[in-house]
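Participant: upload_2.txt is the file, holding compact mmCIF, C-alpha atoms:
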```txt
# COMPACT_ATOMS: atom_id res chain seq x y z
CA MET A 166 6.56 -30.89 63.98
CA ILE A 167 5.85 -32.02 60.45
CA ARG A 168 8.54 -29.63 59.20
CA ALA A 169 11.14 -30.90 61.68
CA ARG A 170 10.38 -34.49 60.70
CA LEU A 171 10.45 -33.74 56.99
CA LEU A 172 13.77 -31.91 57.33
CA PHE A 173 15.36 -34.61 59.44
CA TRP A 174 14.38 -37.52 57.22
CA LEU A 175 15.13 -35.60 54.04
CA ASP A 176 18.59 -34.71 55.33
CA SER A 177 19.19 -38.27 56.55
CA LEU A 178 18.29 -39.54 53.10
CA LEU A 179 20.67 -37.04 51.51
CA LEU A 180 23.47 -38.14 53.87
CA LEU A 181 22.90 -41.79 53.03
CA ALA A 182 22.79 -40.96 49.32
CA VAL A 183 26.12 -39.11 49.58
CA ALA A 184 27.66 -42.18 51.23
CA VAL A 185 26.28 -44.59 48.62
CA LEU A 186 27.21 -42.30 45.72
CA GLN A 187 30.87 -42.38 46.75
CA SER A 188 31.19 -45.95 45.58
CA PRO A 189 29.72 -46.71 42.15
CA ARG A 190 31.48 -50.07 42.21
CA MET A 191 29.39 -51.07 45.18
CA SER A 192 26.06 -49.82 43.84
CA SER A 193 26.68 -50.53 40.13
CA LEU A 194 27.00 -47.73 37.61
CA ALA A 195 23.32 -47.68 36.63
CA VAL A 196 22.18 -47.30 40.24
CA HIS A 197 24.92 -44.72 40.84
CA GLU A 198 23.73 -42.55 37.96
CA TRP A 199 20.00 -42.80 38.68
CA LEU A 200 20.63 -42.20 42.38
CA ALA A 201 22.62 -39.09 41.47
CA VAL A 202 19.67 -37.78 39.44
CA ALA A 203 17.34 -38.39 42.39
CA PHE A 204 19.92 -36.81 44.70
CA ALA A 205 19.93 -33.63 42.61
CA GLY A 206 16.15 -33.43 42.98
CA LEU A 207 16.34 -33.96 46.73
CA VAL A 208 18.97 -31.22 47.02
CA GLY A 209 16.54 -28.91 45.22
CA LEU A 210 13.84 -29.82 47.75
CA HIS A 211 16.31 -29.30 50.61
CA LEU A 212 17.02 -25.79 49.32
CA LEU A 213 13.31 -25.00 48.96
CA VAL A 214 12.52 -26.14 52.49
CA ASN A 215 15.38 -24.01 53.84
CA TRP A 216 14.67 -21.02 51.57
CA ARG A 217 13.87 -18.63 54.40
CA TRP A 218 17.19 -19.38 56.09
CA ILE A 219 19.07 -18.83 52.83
CA VAL A 220 17.40 -15.46 52.21
CA LYS A 221 17.88 -14.44 55.83
CA THR A 222 21.58 -15.37 55.80
CA LEU A 223 22.22 -13.61 52.50
CA ARG A 224 20.64 -10.46 53.91
CA ARG A 225 22.70 -10.76 57.08
CA ILE A 226 26.10 -11.04 55.39
CA VAL A 227 26.09 -7.38 54.38
CA VAL A 228 25.58 -6.28 57.97
CA PRO A 229 28.81 -5.27 59.77
CA ASP A 230 30.16 -7.75 62.37
CA SER A 231 28.37 -10.71 60.83
CA THR A 232 31.39 -12.96 60.44
CA ARG A 233 29.49 -16.09 61.46
CA ALA A 234 26.76 -15.46 58.89
CA ARG A 235 29.41 -14.92 56.22
CA ILE A 236 31.22 -18.14 57.10
CA ASN A 237 27.93 -20.06 57.08
CA ALA A 238 26.93 -18.58 53.74
CA ALA A 239 30.35 -19.27 52.23
CA LEU A 240 30.33 -22.87 53.45
CA ASN A 241 26.83 -23.58 52.19
CA GLY A 242 27.58 -21.79 48.93
CA LEU A 243 30.70 -23.92 48.49
CA LEU A 244 28.66 -27.07 49.13
CA PHE A 245 26.11 -26.03 46.50
CA ILE A 246 28.88 -25.34 43.98
CA LEU A 247 30.62 -28.65 44.71
CA MET A 248 27.40 -30.67 44.47
CA THR A 249 26.29 -28.94 41.27
CA ILE A 250 29.60 -29.44 39.48
CA THR A 251 29.96 -33.00 40.78
CA VAL A 252 26.53 -33.96 39.43
CA PHE A 253 27.15 -32.10 36.16
CA SER A 254 30.57 -33.68 35.60
CA GLY A 255 28.98 -37.04 36.37
CA LEU A 256 26.38 -36.42 33.69
CA ALA A 257 29.16 -35.40 31.31
CA ILE A 258 30.73 -38.87 31.61
CA SER A 259 27.44 -40.72 32.04
CA GLU A 260 27.23 -44.13 30.42
CA VAL A 261 23.64 -44.93 31.38
CA VAL A 262 21.36 -41.91 31.93
CA MET A 263 22.53 -39.49 29.24
CA PRO A 264 22.88 -42.09 26.45
CA LEU A 265 19.32 -43.15 27.31
CA ALA A 266 18.26 -39.57 26.57
CA GLY A 267 20.16 -39.71 23.28
CA VAL A 268 22.97 -37.43 24.47
CA THR A 269 26.53 -38.35 23.55
CA THR A 270 28.77 -37.88 26.56
CA SER A 271 32.30 -36.52 26.64
CA THR A 272 35.41 -38.65 26.30
CA LEU A 273 37.61 -36.07 28.01
CA ARG A 274 39.47 -37.58 30.92
CA ALA A 275 39.34 -34.26 32.76
CA TRP A 276 35.63 -34.72 33.45
CA ARG A 277 36.30 -37.96 35.31
CA GLN A 278 39.17 -36.41 37.28
CA LEU A 279 37.04 -33.38 38.13
CA HIS A 280 34.15 -35.64 39.17
CA ASN A 281 36.34 -37.75 41.46
CA VAL A 282 38.15 -34.83 43.09
CA LEU A 283 34.98 -32.81 43.74
CA ALA A 284 33.10 -35.84 45.05
CA SER A 285 35.87 -36.45 47.59
CA LEU A 286 36.06 -32.78 48.55
CA GLY A 287 32.28 -32.73 48.86
CA LEU A 288 32.44 -35.41 51.53
CA GLY A 289 34.48 -33.12 53.78
CA VAL A 290 32.24 -30.13 53.15
CA VAL A 291 29.17 -32.27 53.93
CA GLY A 292 30.85 -32.99 57.25
CA PHE A 293 31.24 -29.25 57.88
CA HIS A 294 27.59 -28.79 56.91
CA VAL A 295 26.61 -31.38 59.53
CA ALA A 296 28.79 -29.56 62.09
CA LEU A 297 27.05 -26.31 61.26
CA ASN A 298 23.62 -27.80 61.93
CA TRP A 299 24.66 -30.08 64.79
CA ASP A 300 22.64 -28.27 67.46
CA TRP A 301 19.45 -28.73 65.45
CA ILE A 302 20.18 -32.40 64.67
CA ALA A 303 20.92 -33.10 68.34
CA GLY A 304 17.76 -31.23 69.34
CA VAL A 305 15.56 -33.28 67.03
CA VAL A 306 17.06 -36.56 68.20
CA ARG A 307 17.07 -35.58 71.89
CA LYS A 308 13.46 -34.50 71.92
CA GLY A 309 12.48 -37.72 70.20
CA ILE A 310 10.05 -36.06 67.87
CA LEU A 311 10.97 -38.42 65.06
CA LEU A 312 8.98 -41.34 66.33
CA ARG A 313 6.26 -39.84 68.45
CA SER A 314 4.24 -36.70 68.82
CA SER A 315 3.61 -36.23 72.52
CA PRO A 316 1.56 -33.34 73.79
CA GLY A 317 3.72 -30.76 75.50
CA VAL A 318 6.91 -31.59 73.61
CA THR A 319 8.38 -28.39 72.28
CA ALA A 320 9.70 -28.62 68.77
CA PRO A 321 13.39 -27.77 68.42
CA LEU A 322 14.67 -24.92 66.38
CA SER A 323 14.77 -25.56 62.68
CA PRO A 324 18.10 -25.31 60.84
CA ASP A 325 17.31 -21.74 59.92
CA GLY A 326 17.43 -20.87 63.59
CA LEU A 327 13.71 -20.16 63.68
CA ALA A 328 11.28 -22.02 65.86
CA THR A 329 9.04 -24.32 63.85
CA ALA A 330 5.59 -23.04 62.97
CA GLU A 331 4.00 -25.31 65.56
CA ALA A 332 6.26 -24.06 68.33
CA GLU A 333 5.67 -20.47 67.36
CA ASP A 334 1.94 -20.99 67.53
CA ALA A 335 1.99 -22.93 70.78
CA MET B 246 -1.53 -27.34 76.86
CA SER B 247 0.18 -26.98 73.54
CA ASN B 248 0.17 -29.79 71.04
CA PRO B 249 2.94 -29.35 68.52
CA GLY B 250 1.63 -32.18 66.38
CA ARG B 251 -1.73 -30.63 65.79
CA MET B 252 -2.88 -29.21 62.47
CA ILE B 253 -3.66 -25.54 62.40
CA PRO B 254 -7.07 -25.16 60.75
CA GLY B 255 -6.81 -23.59 57.33
CA GLU B 256 -3.03 -23.71 57.18
CA PRO B 257 -1.91 -24.83 53.72
CA LEU B 258 0.29 -27.92 53.46
CA LEU B 259 3.13 -25.97 51.84
CA GLU B 260 3.20 -23.63 54.85
CA ARG B 261 3.12 -26.53 57.29
CA LEU B 262 6.13 -28.03 55.57
CA GLY B 263 7.98 -24.83 56.30
CA LEU B 264 8.34 -23.77 52.70
CA GLY B 265 7.47 -20.27 53.78
CA THR B 266 4.84 -19.79 51.11
CA SER B 267 1.50 -21.24 50.15
CA SER B 268 1.86 -20.08 46.56
CA LEU B 269 2.88 -22.62 43.96
CA VAL B 270 3.95 -19.80 41.66
CA GLU B 271 6.37 -18.56 44.31
CA LEU B 272 7.66 -22.09 44.81
CA VAL B 273 8.27 -22.49 41.09
CA ARG B 274 10.05 -19.11 41.05
CA ARG B 275 12.39 -20.27 43.82
CA LEU B 276 13.04 -23.56 42.05
CA ALA B 277 13.78 -21.63 38.85
CA ILE B 278 16.36 -19.51 40.72
CA VAL B 279 18.10 -22.66 42.01
CA ALA B 280 17.98 -24.24 38.53
CA ALA B 281 19.33 -21.07 36.91
CA LEU B 282 22.25 -20.94 39.35
CA ALA B 283 23.00 -24.61 38.73
CA ALA B 284 22.80 -24.09 34.96
CA LEU B 285 25.14 -21.10 35.18
CA LEU B 286 27.70 -23.08 37.18
CA SER B 287 27.41 -26.04 34.83
CA ALA B 288 27.83 -23.86 31.75
CA ALA B 289 30.93 -22.20 33.21
CA THR B 290 32.41 -25.58 34.10
CA PHE B 291 31.62 -26.95 30.64
CA ALA B 292 33.27 -23.99 28.95
CA LEU B 293 36.36 -24.25 31.15
CA VAL B 294 36.86 -28.01 30.84
CA GLU B 295 36.14 -28.19 27.14
CA SER B 296 38.52 -25.35 26.37
CA VAL B 297 41.40 -26.47 28.59
CA ALA B 298 41.34 -30.29 28.67
CA THR B 299 43.07 -32.15 25.88
CA THR B 300 43.38 -35.79 26.83
CA THR B 301 40.61 -38.16 25.88
CA THR B 302 39.82 -41.58 27.24
CA VAL B 303 38.72 -44.17 24.76
CA ARG B 304 35.90 -46.39 25.84
CA ARG B 305 35.94 -49.98 24.72
CA GLY B 306 32.87 -49.54 22.54
CA ASP B 307 34.04 -46.25 21.06
CA ARG B 308 37.53 -47.26 20.01
CA GLY B 309 38.28 -45.94 16.55
CA GLU B 310 35.50 -43.38 16.64
CA VAL B 311 37.27 -41.13 19.09
CA ARG B 312 40.88 -41.51 18.13
CA GLY B 313 42.32 -38.30 16.77
CA SER B 314 39.03 -36.60 16.18
CA ALA B 315 37.44 -36.25 19.56
CA ASN B 316 37.19 -32.53 19.99
CA GLY B 317 39.85 -30.96 17.87
CA PRO B 318 43.18 -32.00 16.43
CA ALA B 319 45.22 -31.12 19.52
CA ARG B 320 43.59 -33.70 21.73
CA GLY B 321 45.51 -36.90 22.32
CA THR B 322 44.23 -40.29 23.23
CA GLU B 323 45.75 -41.34 26.50
CA ARG B 324 44.74 -44.90 27.17
CA ALA B 325 42.25 -47.53 26.28
CA GLU B 326 39.95 -48.28 29.15
CA GLY B 327 37.18 -50.80 29.49
CA GLY B 328 33.78 -49.16 29.90
CA ARG B 329 32.85 -48.53 33.49
CA ARG B 330 29.42 -49.79 32.56
CA ALA B 331 30.86 -53.20 31.80
CA ARG B 332 33.08 -53.30 34.89
CA TRP B 333 30.45 -51.98 37.30
CA SER B 334 27.44 -53.68 35.77
CA SER B 335 26.19 -55.46 38.87
CA PRO B 336 26.10 -54.21 42.45
CA GLU B 337 28.51 -55.65 44.99
CA LEU B 338 26.16 -55.55 47.94
CA ALA B 339 28.56 -57.44 50.19
CA ARG B 340 30.74 -54.32 50.18
CA ALA B 341 27.86 -51.99 50.99
CA PRO B 342 27.94 -51.94 54.82
CA ALA B 343 31.71 -51.39 55.02
CA GLU B 344 31.71 -48.80 52.23
CA ILE B 345 28.77 -46.83 53.64
CA ILE B 346 30.13 -46.91 57.19
CA MET B 347 33.51 -45.74 55.90
CA GLN B 348 31.95 -42.74 54.13
CA ILE B 349 29.82 -41.88 57.18
CA VAL B 350 32.93 -42.07 59.38
CA ILE B 351 34.78 -39.66 57.04
CA ILE B 352 31.82 -37.26 57.19
CA GLY B 353 31.76 -37.70 60.97
CA ILE B 354 35.45 -36.86 61.29
CA ALA B 355 34.96 -33.76 59.14
CA ALA B 356 31.92 -32.81 61.24
CA PHE B 357 33.85 -33.30 64.48
CA ALA B 358 36.75 -31.22 63.17
CA GLY B 359 34.34 -28.55 61.98
CA ARG B 360 32.62 -28.47 65.34
CA LYS B 361 35.62 -28.63 67.65
CA VAL B 362 38.43 -27.07 65.65
CA LEU B 363 36.68 -24.62 63.34
CA ARG B 364 33.83 -24.05 65.84
CA LEU B 365 31.18 -24.07 63.13
CA ARG B 366 27.64 -23.40 64.30
CA LEU B 367 24.61 -21.52 63.13
```
Spell out the structure here as structure tokens.
Facilitator:
Amino acid sequence: MIRARLLFWLDSLLLLAVAVLQSPRMSSLAVHEWLAVAFAGLVGLHLLVNWRWIVKTLRRIVVPDSTRARINAALNGLLFILMTITVFSGLAISEVVMPLAGVTTSTLRAWRQLHNVLASLGLGVVGFHVALNWDWIAGVVRKGILLRSSPGVTAPLSPDGLATAEAEDA
Amino acid sequence: MSNPGRMIPGEPLLERLGLGTSSLVELVRRLAIVAALAALLSAATFALVESVATTTTVRRGDRGEVRGSANGPARGTERAEGGRRARWSSPELARAPAEIIMQIVIIGIAAFAGRKVLRLRL
């Protein structure tokens, strides 16, 4: 249960952060940059929490007739690449965070173009990522485990397709 | 009756969170793998952009410093642009609801298309 809650709220926070990060004009540049730094940390946590699924999927893609696993791995890999390069290109043109650390940022216009294009592309791939995990999201919401912890409620499957530890032990 | 919310005696917090390990060393190793991959991607991107891109943007505060000497003689200065820091110095919170909803809708459309058209699922 604790894992399902952690995953759900962590992922919700990431989704909200992605939405806010799309508009630095709305949030102000300083908030945009610091939020992006925090976002990178949360993505790291997201990967750690889902580590077993990642390892399992990577092992499965070499098995014959595992098209779905390959598509899932490719999609999640693409999302990781997009997010990494988007954050990095953002740091390359940073006007708040990096100068604070004494790093002179690039004046190349290509960094800004790359940052904007990848951020927009990332939005679509985040949507695909949500689609991929929709059954789990719907399961968590439907079973209402976010707000209460009733005896007898079975925890839904985690995004890695495994039952949560509590459900396995029940 | 099962109680999914209960604590399992002796189960470490890291395990309960579903990290799949109770070892901090293992956790650090995994984080190092993620960081190394990110660093590799970033280094490749840096090398590519810095070797291919030629046009620089002059920031208001940097004018004069950058011109003609940014990163090699071949790089031109395209346009003077006010610093984004100056233009986006304060948040426009009145725009927040509409902007956030718009982004969530775009993600929702992509999710719907992924689900119904591309039939993405675990």
Participant: For atom CA of A:Arg168 and atom CA of A:Lys308, determine how far apart the two atoms are, in Å to one decimal place.
Facilitator: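 So the two atoms, atom CA of A:Arg168 and atom CA of A:Lys308, lie 14.5 Å apart.
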Participant: Quick one: residues within 8 Å of A:Arg225, only C-alpha atoms counted, chain neighbours fewer than 4 positions away excluded, as a list of chain:residue names?
Facilitator: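 The filter keeps A:Lys221, A:Ser231, A:Ala234, A:Arg235.
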Participant: For the atom pair atom CA of B:Thr301 and atom CA of A:Ser271, what is the interatomic distance in Å to one decimal place?
Facilitator: 8.5 Å
Participant: For A:Leu210, which residue out of A:Leu283, A:Val227, A:Leu178, A:Ile258 is the nearest one, using all atoms listed in the file?
Facilitator: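 Nearest to A:Leu210: A:Leu178.
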Participant: May I ask which of the residues B:Val362, B:Val297, B:Ala283, B:Leu258 is the closest one to chain A, counting only C-alpha atoms?
Facilitator: B:Ala283
Participant: Could you please determine the separation between atom CA of A:Val252 and atom CA of A:Ala201 in Å, to one decimal place?
Facilitator: 6.8 Å
Participant: With all atoms listed in the file as the atoms that count, which of B:Ala341, B:Leu276, B:Leu286, B:Leu269 lies nearest to A:Ser192?
Facilitator: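 Smallest distance to A:Ser192 is found for B:Ala341.
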Participant: Please check which residues have atoms at most 8 Å from (28.3, -41.3, 42.8) in the file's coordinates, counting only C-alpha atoms, and write them as a list in words.
Facilitator: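 Taken together, the residues in range are Val183, Val185, Leu186, Gln187, Ser188, Pro189, His197, Glu198, Leu200, Ala201, Gly255 and Ala284 of chain A.
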Participant: Which residue gives the smallest distance to chain B among A:Ser177, A:Ser259, A:Ser193, A:Asn241, with only C-alpha atoms counted?
Facilitator: A:Ser193
Participant: Please determine, counting all atoms listed in the file, which residue among B:Lys361, B:Arg332, B:Arg274, B:Arg366 has the shortest atom-to-atom distance to chain A.
Facilitator: B:Arg366
Participant: Using all atoms listed in the file, determine which residues lie at most 8 Å from B:Gly265, disregarding the query and same-chain residues fewer than 2 positions distant; provide the list as a PDB file with C-alpha atoms, in the frame of the given file.
Facilitator:
```
ATOM      1  CA  VAL A 214      12.520 -26.140  52.490  1.00  0.00           C
ATOM      2  CA  TRP A 216      14.670 -21.020  51.570  1.00  0.00           C
ATOM      3  CA  ARG A 217      13.870 -18.630  54.400  1.00  0.00           C
TER       4      ARG A 217
ATOM      5  CA  LEU B 259       3.130 -25.970  51.840  1.00  0.00           C
ATOM      6  CA  GLU B 260       3.200 -23.630  54.850  1.00  0.00           C
ATOM      7  CA  GLY B 263       7.980 -24.830  56.300  1.00  0.00           C
ATOM      8  CA  SER B 267       1.500 -21.240  50.150  1.00  0.00           C
TER       9      SER B 267
END
```
Participant: Counting only C-alpha atoms, which residue out of A:Leu273, A:Ala195, A:Ile302, A:Ala184 sits closest to A:Ala257?
Facilitator: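 Closest residue, counting only C-alpha atoms: A:Leu273.
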